[in-house]
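This report concerns only the one structure given below.
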Amino acid sequence: SRMKETVVFDRDWDANAEDNAHDEDIVPSGIPEDVQHIHFEHKRLTLESMYTRSKEFYELMNNRRSVRFFSKDPVPKEIIQNIVRTAGTAPSGAHTEPWRFIAVKDPEYKKRIRELVEQEEEINYTKRMGVQWTADVKGIGTSYVKEYLTDAPWILLVFKQVYTLLPDGQKRNNYYHEISTAISGGLLIAAIQTAGLVTLTSTPMNCGPALRTMFQRPKHEKLMLLLPVGYPSHDCTVPDFKRKELDEILTMIQ
Ligand code: IYR
């Protein structure tokens with residue numbers, strides 16, 4: 001299918017890329033067999049507070065929208081650091097924590113990112129995505145021109161690490177690196193929303209290797225997400241989308 005043909009253009013999403021880990025160079029997980037197990041403290045909430053908190057969190061998250069029009073107003077770096085701390089709490093296969101984040105505020109680098117992404121996206125829109133895909137996203141009103149990349153005060157890059165490189169050059173298997181980093185991305189987005197900021201979850205096709213090189217990151221780190229973070233501009237608009245109803249996403253067996 002066209003979709004399949006398109007995806008192999010992006011080397012960071014190629015499960016068979018030659019810089020992925022291979023069984024022969026893998027050493028065991030770093031978890032000692034005799035790791036201490038400690039008591040897990042947990043304080044139960046009242047049922048009433050569980051109802052309210054779950055509903056309030058849902059309402060907060062339901063207000064999240066993917067935003068493409070950003071204000072240039074600055075956001076303190078400590079807030080970005082807390083957001084990334086939250087992303088780093090995600091569960092991961094064998095506790096490998098296979099993620100790496102880059103937070104870019106430097107206007108020169110944001111400009112370079114924008115130039116690179118726009119250059120690749122122009123090819124994506126005209127050649128790689130194909131007729132069906134470009135038609136499917138037309139209503140969102142996107143194009144290869146991405147002003148938000150220089151307007152937003154921060155750009156966050158999320159990389160997955162396909163293996164962990166140990167100081168002696170050996171490699172440790174990062175089990176489920178893709179889903180682990182994807183979950184971490186979900187927590188990152190929730191943390192951005194909780195902080196009162198907005199973002200756009202973008203996956204710039206074919207930009208991974210160049211962005212990794214721009215920031216001197218190693219080959220086994222693959223770009224998964226690129227998120228501008230900041231405040232929406234005053235005239236920001238979003239498409240009038242509705243979410244699925246609960247019964248369309250949940251089957252309860254009880
Ligand atoms: N990657 C392009 C096109 C695009 C693709 C999807 I799927 C969207 O939901 C929106 C846009 C871009 O970022 O413009």
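For the structure tokens, the naming scheme is as follows: chains receive sequential letters (A, B, ...) according to their order of presentation, residues are indexed from 1 within each chain, and ligands are indexed from 1 in presentation order.
Excluding Asp235 (chain A) itself and any same-chain residue fewer than 2 positions from it, the protein and nucleic acid residues within 12 Å of it, counting only C-alpha atoms, are A:Val67, A:Arg68, A:Phe69, A:Phe70, A:Ser71, A:Tyr231, A:Pro232, A:Ser233, A:Thr237, A:Val238.
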TODO: Write out as an NGL selection string which residues come within 12 Å of Pro204 (chain A) when counting only C-alpha atoms, dropping same-chain ones fewer than 5 positions away.
DONE: :A and (7 or 9-13 or 113-114 or 116-125 or 129 or 144 or 146 or 149 or 157-158 or 209-211 or 222-227)
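For the choices A:Phe101, A:Val198, A:Asp34, A:Ile253, the atom-to-atom distance to Arg85 (chain A) is smallest for A:Phe101 when using only C-alpha atoms.
For the set A:Lys127, A:Arg212, A:Lys138, A:Arg172, the residue with the smallest atom-to-atom gap to ligand 1 is A:Lys138, counting only C-alpha atoms and all ligand atoms.
Candidate residues A:Arg100, A:Arg128, A:Lys244, A:Arg217 were compared for distance to ligand 1, and the nearest is A:Arg128, using only C-alpha atoms and all ligand atoms.
The neighbours of Leu187 (chain A) here are the residues that come within 9 Å of it, using only C-alpha atoms and leaving out any residue fewer than 2 positions away in the same chain; they are A:Ile83, A:Val84, A:Thr86, A:Ala87, A:Gly88, A:Thr89, A:Ala90, A:Ala182, A:Ile183, A:Ser184, A:Gly185, A:Ile189, A:Ala190, A:Ala191, A:Ile192.
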I need the chosen residues saved as a short mmCIF file (atom, residue, chain, number, x, y, z; two decimals), in the first residue's frame, with N, CA and C atoms.
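After the write, selection23.cif holds the following:
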data_model
loop_
_atom_site.label_atom_id
_atom_site.label_comp_id
_atom_site.auth_asym_id
_atom_site.auth_seq_id
_atom_site.Cartn_x
_atom_site.Cartn_y
_atom_site.Cartn_z
N ILE A 83 8.50 19.27 33.47
CA ILE A 83 7.73 18.52 32.48
C ILE A 83 8.52 17.29 32.02
N VAL A 84 9.81 17.49 31.76
CA VAL A 84 10.64 16.36 31.31
C VAL A 84 10.88 15.38 32.46
N THR A 86 8.69 14.59 34.60
CA THR A 86 7.47 13.78 34.57
C THR A 86 7.56 12.72 33.47
N ALA A 87 8.00 13.12 32.28
CA ALA A 87 8.13 12.16 31.17
C ALA A 87 9.07 11.02 31.57
N GLY A 88 10.09 11.35 32.34
CA GLY A 88 11.07 10.36 32.78
C GLY A 88 10.55 9.41 33.86
N THR A 89 9.30 9.60 34.29
CA THR A 89 8.72 8.66 35.26
C THR A 89 7.99 7.52 34.56
N ALA A 90 7.97 7.51 33.25
CA ALA A 90 7.23 6.48 32.51
C ALA A 90 7.79 5.09 32.82
N ALA A 182 7.04 5.97 23.75
CA ALA A 182 5.72 6.52 23.38
C ALA A 182 4.91 6.85 24.64
N ILE A 183 4.96 5.96 25.63
CA ILE A 183 4.26 6.23 26.90
C ILE A 183 4.85 7.48 27.56
N SER A 184 6.17 7.57 27.54
CA SER A 184 6.86 8.73 28.09
C SER A 184 6.39 10.01 27.38
N GLY A 185 6.19 9.91 26.08
CA GLY A 185 5.66 11.04 25.31
C GLY A 185 4.26 11.42 25.76
N ILE A 189 3.14 15.04 27.33
CA ILE A 189 2.02 15.85 26.83
C ILE A 189 1.05 16.18 27.97
N ALA A 190 0.80 15.21 28.86
CA ALA A 190 -0.07 15.46 30.01
C ALA A 190 0.56 16.50 30.94
N ALA A 191 1.88 16.42 31.11
CA ALA A 191 2.58 17.37 31.98
C ALA A 191 2.54 18.77 31.39
N ILE A 192 2.66 18.88 30.07
CA ILE A 192 2.59 20.18 29.40
C ILE A 192 1.20 20.79 29.64
#
